[in-house]
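To start, the structure under review is shown below, and the notes come after it.
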Protein chains: 2
Amino acid sequence: MGVMSDELTHPDRAEIRIEAVLHALADPVRLHYVREMDRIGTGVACGAIELPVTKSTRTHHLRTLREAGVIWVRKEGTARIATIRRDDLDARFPGLLAAILSAEN
Amino acid sequence: MGVMSDELTHPDRAEIRIEAVLHALADPVRLHYVREMDRIGTGVACGAIELPVTKSTRTHHLRTLREAGVIWVRKEGTARIATIRRDDLDARFPGLLAAILSAEN
DNA sequence: ACCGTACTACGAAACTCGTCGTACTACGAT
DNA sequence: ATCGTAGTACGACGAGTTTCGTAGTACGGT
């Protein structure tokens, strides 16, 4: 029971909607998460970034980011490695990601 | 009772927060509104843009946009004229507005 | 086989948000 | 002064979100 062996679902490039991306990044926790991923660089283990929320809340936010098309998550052992979908976001909404990530305070 | 003679409050440039802007523009009604204002050009009477919502809902959305710092609203007779705060947004978050407005579909 | 780590799933509680109707104020014209 | 138009204020409802705790699955080591 509880399948969970399925691969994680991601929208493909053409399916990414600007409203979903804006909504995903409007949340302080998720924005912080994406900024940390941007700062650290390459794929990050989901748990490696400290957040003021519990594990299950983190799972929720990561799903929101993934389903909006902001990040790509792949399994690696027991860990989940997340990367920002720069190519797809830049192709769909040129300049958006850079504008948001470079906005300090 | 009910003052309302007060001028409309706007955040000044330095107070505009990226999260508030993203949240404001993540709503389909508000995004449509701002896109229409962008298309039409100069200051627009609030009621001149057709929306699938009632007057009071429109007021609500316009307040959200105004308080986020996305639009500037001035009174002119009984009408309210709204303009996009391009200068302020471009100064705070270069490229953000252009990226969002040019995102078709 | 067992244990620990990493994360997901599900349900619940508190909160926020979008929407509306109704009642109201403000202004302009007749 | 009266009426119509333009918009706001307030309260309410329903839907969705954020958050958490608890329970469970998956993988890697010993």
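Simple scheme: letters A, B, ... for chains in structure tokens order, numbers from 1 for residues in each chain, numbers from 1 for ligands in the order shown.
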
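Interface residues on chain A toward chain C (cut-off 10 Å, only C-alpha atoms (C1' of nucleotides)): Gly2, Val3, Met4, Ala45, Cys46, Gly47, Lys55, Ser56, Arg58, Thr59, His60, Gly77, Thr78, Ala79 and Arg80 of chain A.
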
Got time to write the residues from that selection, C-alpha atoms, as a PDB file, in the first residue's frame?
```pdb
ATOM      1  CA  GLY A   2       1.100   3.515  -0.711  1.00  0.00           C
ATOM      2  CA  VAL A   3       2.847   3.158  -4.004  1.00  0.00           C
ATOM      3  CA  MET A   4       5.609   5.717  -3.795  1.00  0.00           C
ATOM      4  CA  ALA A  45      20.180  17.219  -0.935  1.00  0.00           C
ATOM      5  CA  CYS A  46      16.776  18.379   0.213  1.00  0.00           C
ATOM      6  CA  GLY A  47      17.694  18.060   3.862  1.00  0.00           C
ATOM      7  CA  LYS A  55      10.426  17.590   7.667  1.00  0.00           C
ATOM      8  CA  SER A  56       6.895  17.077   6.461  1.00  0.00           C
ATOM      9  CA  ARG A  58       9.652  20.773   3.842  1.00  0.00           C
ATOM     10  CA  THR A  59       8.353  17.904   1.760  1.00  0.00           C
ATOM     11  CA  HIS A  60       5.229  19.916   1.047  1.00  0.00           C
ATOM     12  CA  GLY A  77      19.763   6.436  -2.612  1.00  0.00           C
ATOM     13  CA  THR A  78      17.579   7.620   0.222  1.00  0.00           C
ATOM     14  CA  ALA A  79      18.216  11.244  -0.607  1.00  0.00           C
ATOM     15  CA  ARG A  80      16.432  13.588  -2.998  1.00  0.00           C
TER      16      ARG A  80
END
```

Legend entry - 7 Å contacts from chain B to chain A using only C-alpha atoms, as a PyMOL selection string: chain B and resi 17+19+22-23+26-28+93-96+99-100+103

Mind writing the picked residues with N, CA and C atoms as a CSV table (one decimal), in the first residue's frame?
```csv
chain,number,residue,atom,x,y,z
B,17,ARG,N,8.6,44.9,-1.4
B,17,ARG,CA,9.2,43.6,-1.1
B,17,ARG,C,8.9,42.6,-2.3
B,19,GLU,N,8.5,39.5,-2.3
B,19,GLU,CA,7.5,38.5,-2.0
B,19,GLU,C,6.1,39.0,-2.2
B,22,LEU,N,5.5,39.3,-6.0
B,22,LEU,CA,5.3,38.0,-6.6
B,22,LEU,C,3.9,37.5,-6.2
B,23,HIS,N,3.6,37.7,-5.0
B,23,HIS,CA,2.2,37.2,-4.5
B,23,HIS,C,1.1,38.0,-5.3
B,26,ALA,N,0.8,36.7,-8.8
B,26,ALA,CA,0.6,35.3,-9.0
B,26,ALA,C,-0.9,35.0,-9.2
B,27,ASP,N,-1.8,36.0,-8.9
B,27,ASP,CA,-3.2,35.8,-9.0
B,27,ASP,C,-3.6,36.1,-10.5
B,28,PRO,N,-4.4,35.2,-11.1
B,28,PRO,CA,-4.7,35.4,-12.5
B,28,PRO,C,-5.5,36.7,-12.8
B,93,PHE,N,13.9,45.7,-8.8
B,93,PHE,CA,14.1,44.3,-9.3
B,93,PHE,C,14.2,44.3,-10.8
B,94,PRO,N,15.4,44.7,-11.3
B,94,PRO,CA,15.6,44.9,-12.7
B,94,PRO,C,15.2,43.7,-13.5
B,95,GLY,N,14.4,43.9,-14.5
B,95,GLY,CA,14.1,42.8,-15.4
B,95,GLY,C,12.8,42.0,-15.0
B,96,LEU,N,12.4,42.2,-13.8
B,96,LEU,CA,11.3,41.3,-13.3
B,96,LEU,C,10.0,41.6,-14.0
B,99,ALA,N,10.0,40.5,-17.6
B,99,ALA,CA,9.9,39.1,-17.7
B,99,ALA,C,8.5,38.6,-17.5
B,100,ILE,N,7.8,39.2,-16.6
B,100,ILE,CA,6.5,38.7,-16.3
B,100,ILE,C,5.5,39.2,-17.4
B,103,ALA,N,5.7,37.3,-20.7
B,103,ALA,CA,5.4,35.8,-20.6
B,103,ALA,C,4.0,35.6,-21.2
```

Write out as an mmCIF file with N, CA and C atoms, in the first residue's frame each polymer residue whose atoms come within 9 Å of Thr42 (chain B), counting only C-alpha atoms (C1' of nucleotides); drop sequence neighbours fewer than 4 positions from it.
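Written output follows (out.cif):
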```cif
data_model
loop_
_atom_site.group_PDB
_atom_site.id
_atom_site.type_symbol
_atom_site.label_atom_id
_atom_site.label_comp_id
_atom_site.auth_asym_id
_atom_site.auth_seq_id
_atom_site.Cartn_x
_atom_site.Cartn_y
_atom_site.Cartn_z
ATOM 1 N N MET B 37 -3.214 46.879 -18.318
ATOM 2 C CA MET B 37 -2.673 48.216 -18.096
ATOM 3 C C MET B 37 -1.411 48.426 -18.907
ATOM 4 N N ASP B 38 -0.618 47.401 -19.022
ATOM 5 C CA ASP B 38 0.603 47.489 -19.810
ATOM 6 C C ASP B 38 0.271 47.666 -21.288
ATOM 7 N N ALA B 82 -5.066 54.242 -12.393
ATOM 8 C CA ALA B 82 -3.958 53.378 -11.971
ATOM 9 C C ALA B 82 -2.871 53.339 -13.027
ATOM 10 N N THR B 83 -1.634 53.387 -12.563
ATOM 11 C CA THR B 83 -0.494 53.226 -13.472
ATOM 12 C C THR B 83 0.494 52.251 -12.854
ATOM 13 N N ILE B 84 1.162 51.512 -13.719
ATOM 14 C CA ILE B 84 2.175 50.572 -13.251
ATOM 15 C C ILE B 84 3.391 51.355 -12.778
#
```

Legend entry - Those of region 49-82 of chain B in DSSP helix (DSSP H, G or I), formatted as a PyMOL selection string: chain B and resi 55-68

Inset, instruction - Could you please select, counting only C-alpha atoms (C1' of nucleotides), the residues of chain D within 12 Å of chain B and state them as a ChimeraX atom specification? - result: /D:5-10

Legend entry - Secondary structure check, strand (DSSP E) residues of chain B, as a list in words: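 Selection result, strand (DSSP E) within chain B: Val44, Ala45, Ile71, Trp72, Val73, Arg74, Lys75, Glu76, Ala79, Arg80, Ile81, Ala82, Thr83 and Ile84 of chain B.
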
Dump as a tab-separated table (two decimals), in the first residue's frame, selection limited to C-alpha atoms:
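Output contents, as saved in result02.tsv:
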```tsv
chain	number	residue	atom	x	y	z
B	44	VAL	CA	-6.26	53.63	-16.79
B	45	ALA	CA	-9.52	54.14	-14.99
B	71	ILE	CA	0.62	50.13	-9.24
B	72	TRP	CA	0.10	53.74	-8.32
B	73	VAL	CA	-3.46	54.91	-7.90
B	74	ARG	CA	-4.57	58.54	-7.88
B	75	LYS	CA	-8.02	60.00	-7.52
B	76	GLU	CA	-9.53	61.96	-10.35
B	79	ALA	CA	-12.57	57.70	-10.78
B	80	ARG	CA	-9.34	56.05	-9.73
B	81	ILE	CA	-6.52	56.16	-12.24
B	82	ALA	CA	-3.96	53.38	-11.97
B	83	THR	CA	-0.49	53.23	-13.47
B	84	ILE	CA	2.18	50.57	-13.25
```

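CA of Pro11 (chain B) is found 24.0 Å from CA of Ile49 (chain B).
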
Legend entry - Distance of CA of Glu67 (chain A) from CA of His10 (chain A), expressed in Å to one decimal place: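 Calculated distance between CA of His10 (chain A) and CA of Glu67 (chain A) is 5.8 Å.
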
Inset, instruction - For CA of Arg39 (chain B) and CA of Leu89 (chain A), quote the distance in Å rounded to one decimal. - result: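 Those two atoms sit 23.8 Å apart.
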